[in-house]
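Data first, discussion second: the structure below is written as structure tokens.
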Amino acid sequence: MKAGIRQQHSTTGETPRRGRRLSGVSFVVVVGLMGIIGFAFPETVFARENDPNPTIKVQIYNYSQASPAILTGAEREAGRILVKAGLRAVWLECPVCSATDSPQGRCQKGPEATDISLRVLAAPVQNKFQDTVFGFAVHPVLASVYYEYAMRRAKSDDAEFEVPIILGCAIAHELGHLLLGANSHSDAGIMQPRWEPNQFRHLMTGTLLFTNEQSTLMQEQARTRLVLQTGNLDPGFIPQRD
């Protein structure tokens, strides 16, 4: 099973212009080659310290019964929220089996400073790092979310289509902890510690987002991780506490 890669892009709605000649080479061809280079050597493109929209790479390990369609929807929602915060996300779907003959691609390599591991669990395991009923984070690179809790909440509304949206918001919340650090709950936005009916109304209308201050801090942290691209970050975990 190969690791799938998806990248979230913001849309501008601009109408593409026709290609023009640039030193004898079509401008469109140049852009196309840049895209190919970026796909083949993502670190070359991502490791731009001054990138106004820094990229984080998230390795996803699905230990639940969440279908690929639900995971795709959750990634899309989490990516949309991150884009609003000035970040881009690349999702790498990693195999959870230990078979040595399974090609794992990017997931087989050691973690880099920009990498985050995300576990999609079925239900909570006993731990002391509990964040919300939907997941928890262990600083600096591990986040976990609970698929069954998202499903249970959606079923309580008799609207299973909500599952990817709820799961995506939970993912964004936990990734926020990894980028914002300890004591990163807030009184407003997606980092609120408890999600009551009012928060779920904002969640379903796409307005449960990071605050401006949180967005700035997350961008700074993402750029710092890019500086540590070569893997100098100490992998020792610091528990994320409420």
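Each chain in the structure tokens gets a letter, A, B, ..., in the order shown, and its residues are numbered from 1; ligands are numbered from 1 in order too.
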
Got a sec: who's within 12 Å of Leu175 (chain A), counting only C-alpha atoms, leaving out chain neighbours fewer than 6 positions off, as a PyMOL selection string?
-> chain A and resi 56-59+75+78-79+81-82+85+87+89+115-119+131+135-145+168-169+181+184+190-191+210+214+218+221-222+240

Create the file for the chosen residues now, containing C-alpha atoms and written as a PDB file, in the first residue's frame.
```
ATOM      1  CA  ILE A  56       3.070  21.452   7.133  1.00  0.00           C
ATOM      2  CA  LYS A  57       3.181  17.784   6.226  1.00  0.00           C
ATOM      3  CA  VAL A  58       0.832  15.456   8.095  1.00  0.00           C
ATOM      4  CA  GLN A  59       1.359  11.698   8.093  1.00  0.00           C
ATOM      5  CA  GLU A  75      -8.612  16.474   5.230  1.00  0.00           C
ATOM      6  CA  ALA A  78      -9.030  20.734   8.069  1.00  0.00           C
ATOM      7  CA  GLY A  79      -7.046  22.053   5.109  1.00  0.00           C
ATOM      8  CA  ILE A  81      -9.364  25.915   8.096  1.00  0.00           C
ATOM      9  CA  LEU A  82      -5.569  25.904   7.926  1.00  0.00           C
ATOM     10  CA  ALA A  85      -4.950  30.628   9.066  1.00  0.00           C
ATOM     11  CA  LEU A  87      -0.973  27.607   6.266  1.00  0.00           C
ATOM     12  CA  ALA A  89      -1.244  21.197   4.447  1.00  0.00           C
ATOM     13  CA  ASP A 115       6.321  16.415   9.787  1.00  0.00           C
ATOM     14  CA  ILE A 116       3.354  15.768  12.047  1.00  0.00           C
ATOM     15  CA  SER A 117       1.859  12.362  12.786  1.00  0.00           C
ATOM     16  CA  LEU A 118      -1.926  12.143  12.987  1.00  0.00           C
ATOM     17  CA  ARG A 119      -3.682   9.047  14.270  1.00  0.00           C
ATOM     18  CA  ASP A 131      -7.845  17.419  25.292  1.00  0.00           C
ATOM     19  CA  GLY A 135      -8.992  13.969  20.417  1.00  0.00           C
ATOM     20  CA  PHE A 136      -5.744  15.007  22.060  1.00  0.00           C
ATOM     21  CA  ALA A 137      -2.257  16.162  21.145  1.00  0.00           C
ATOM     22  CA  VAL A 138       1.217  15.325  22.413  1.00  0.00           C
ATOM     23  CA  HIS A 139       3.643  18.140  21.651  1.00  0.00           C
ATOM     24  CA  PRO A 140       5.471  18.565  19.336  1.00  0.00           C
ATOM     25  CA  VAL A 141       4.503  16.119  16.576  1.00  0.00           C
ATOM     26  CA  LEU A 142       1.687  13.721  17.520  1.00  0.00           C
ATOM     27  CA  ALA A 143      -2.054  14.342  17.279  1.00  0.00           C
ATOM     28  CA  SER A 144      -4.951  11.904  17.655  1.00  0.00           C
ATOM     29  CA  VAL A 145      -8.653  12.214  16.819  1.00  0.00           C
ATOM     30  CA  GLY A 168     -11.836  17.814  10.034  1.00  0.00           C
ATOM     31  CA  CYS A 169     -12.437  20.460  12.689  1.00  0.00           C
ATOM     32  CA  GLY A 181       2.208  24.830  22.188  1.00  0.00           C
ATOM     33  CA  SER A 184      -3.197  26.980  23.734  1.00  0.00           C
ATOM     34  CA  ILE A 190     -11.668  26.604  17.065  1.00  0.00           C
ATOM     35  CA  MET A 191      -9.275  26.328  20.021  1.00  0.00           C
ATOM     36  CA  PHE A 210      -8.370  30.158  14.359  1.00  0.00           C
ATOM     37  CA  GLN A 214      -3.283  32.185  16.637  1.00  0.00           C
ATOM     38  CA  MET A 218       1.106  29.096  13.843  1.00  0.00           C
ATOM     39  CA  GLN A 221       6.017  28.013  14.250  1.00  0.00           C
ATOM     40  CA  ALA A 222       5.660  26.407  10.822  1.00  0.00           C
ATOM     41  CA  GLN A 240       0.158  18.781  25.626  1.00  0.00           C
TER      42      GLN A 240
END
```

Name the closest residue to Tyr146 (chain A) among the candidates A:Leu121, A:Val83, A:Ile70, A:Val227; distances are taken between atoms, counting only C-alpha atoms.
->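 Using only C-alpha atoms, the shortest distance to Tyr146 (chain A) belongs to A:Leu121.
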
Point-to-point distance in Å for CA of Ala122 (chain A) and CA of Ser64 (chain A) |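 So the answer is 4.4 Å.
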
Please provide the set of residues having any atom within 10 Å of Pro193 (chain A), restricted to only C-alpha atoms, with same-chain residues fewer than 2 positions apart removed, written as a short mmCIF file (atom, residue, chain, number, x, y, z; two decimals) with N, CA and C atoms, in the first residue's frame.
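Saved the output as around37.cif:
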```cif
data_model
loop_
_atom_site.label_atom_id
_atom_site.label_comp_id
_atom_site.auth_asym_id
_atom_site.auth_seq_id
_atom_site.Cartn_x
_atom_site.Cartn_y
_atom_site.Cartn_z
N ASP A 131 -7.63 16.02 25.63
CA ASP A 131 -7.85 17.42 25.29
C ASP A 131 -9.34 17.69 25.22
N THR A 132 -10.00 17.19 24.17
CA THR A 132 -11.45 17.26 24.07
C THR A 132 -11.95 15.85 23.87
N VAL A 133 -13.27 15.69 23.82
CA VAL A 133 -13.81 14.35 23.59
C VAL A 133 -13.48 13.86 22.18
N HIS A 173 -8.10 21.41 15.20
CA HIS A 173 -7.93 21.77 16.62
C HIS A 173 -6.66 21.14 17.18
N SER A 184 -2.79 26.27 24.94
CA SER A 184 -3.20 26.98 23.73
C SER A 184 -4.70 27.02 23.53
N HIS A 185 -5.47 26.63 24.54
CA HIS A 185 -6.92 26.81 24.45
C HIS A 185 -7.25 28.31 24.51
N SER A 186 -8.38 28.66 23.96
CA SER A 186 -8.77 30.07 23.93
C SER A 186 -10.27 30.21 24.21
N ASP A 187 -10.70 31.44 24.40
CA ASP A 187 -12.10 31.71 24.68
C ASP A 187 -12.93 31.87 23.41
N ALA A 188 -12.26 31.91 22.27
CA ALA A 188 -12.97 32.10 21.01
C ALA A 188 -12.35 31.22 19.94
N GLY A 189 -13.13 30.91 18.91
CA GLY A 189 -12.60 30.18 17.78
C GLY A 189 -12.48 28.69 17.99
N ILE A 190 -11.74 28.06 17.10
CA ILE A 190 -11.67 26.60 17.06
C ILE A 190 -10.88 26.02 18.23
N MET A 191 -10.08 26.83 18.92
CA MET A 191 -9.27 26.33 20.02
C MET A 191 -10.00 26.40 21.36
N TRP A 195 -16.82 22.22 23.06
CA TRP A 195 -17.67 22.56 21.93
C TRP A 195 -19.12 22.28 22.30
N GLU A 196 -19.84 23.35 22.53
CA GLU A 196 -21.25 23.30 22.87
C GLU A 196 -22.08 23.54 21.60
N ASP A 242 -4.12 20.52 29.06
CA ASP A 242 -5.22 21.47 28.92
C ASP A 242 -4.86 22.77 29.59
#
```

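One distance worth recording is that between CA of Ala170 (chain A) and CA of Thr207 (chain A), which is 13.8 Å.
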
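In terms of minimum interatomic distance to Leu71 (chain A), A:Ile165 ranks closest within A:Ala123, A:Ala172, A:Ile165, A:Val96, counting only C-alpha atoms.
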
Nearby residues (only C-alpha atoms) at most 7 Å from Val163 (chain A), same-chain spacing under 5 positions excluded, as a list of chain:residue names |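 Once the nearby chain positions are removed, what remains is A:Ala150, A:Met151, A:Ala154.
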
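CA of Tyr147 (chain A) sits 6.4 Å away from CA of Val120 (chain A).
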
In terms of the shortest atom-to-atom distance over only C-alpha atoms, which of A:Gln65, A:Thr72, A:Asn53, A:Thr216 is closest to Leu179 (chain A)?
-> A:Thr216

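Residue nearest Gly176 (chain A) within the list A:Gln219, A:Ser67, A:Ser156, A:Thr224: A:Gln219 [criterion: smallest interatomic distance, only C-alpha atoms].
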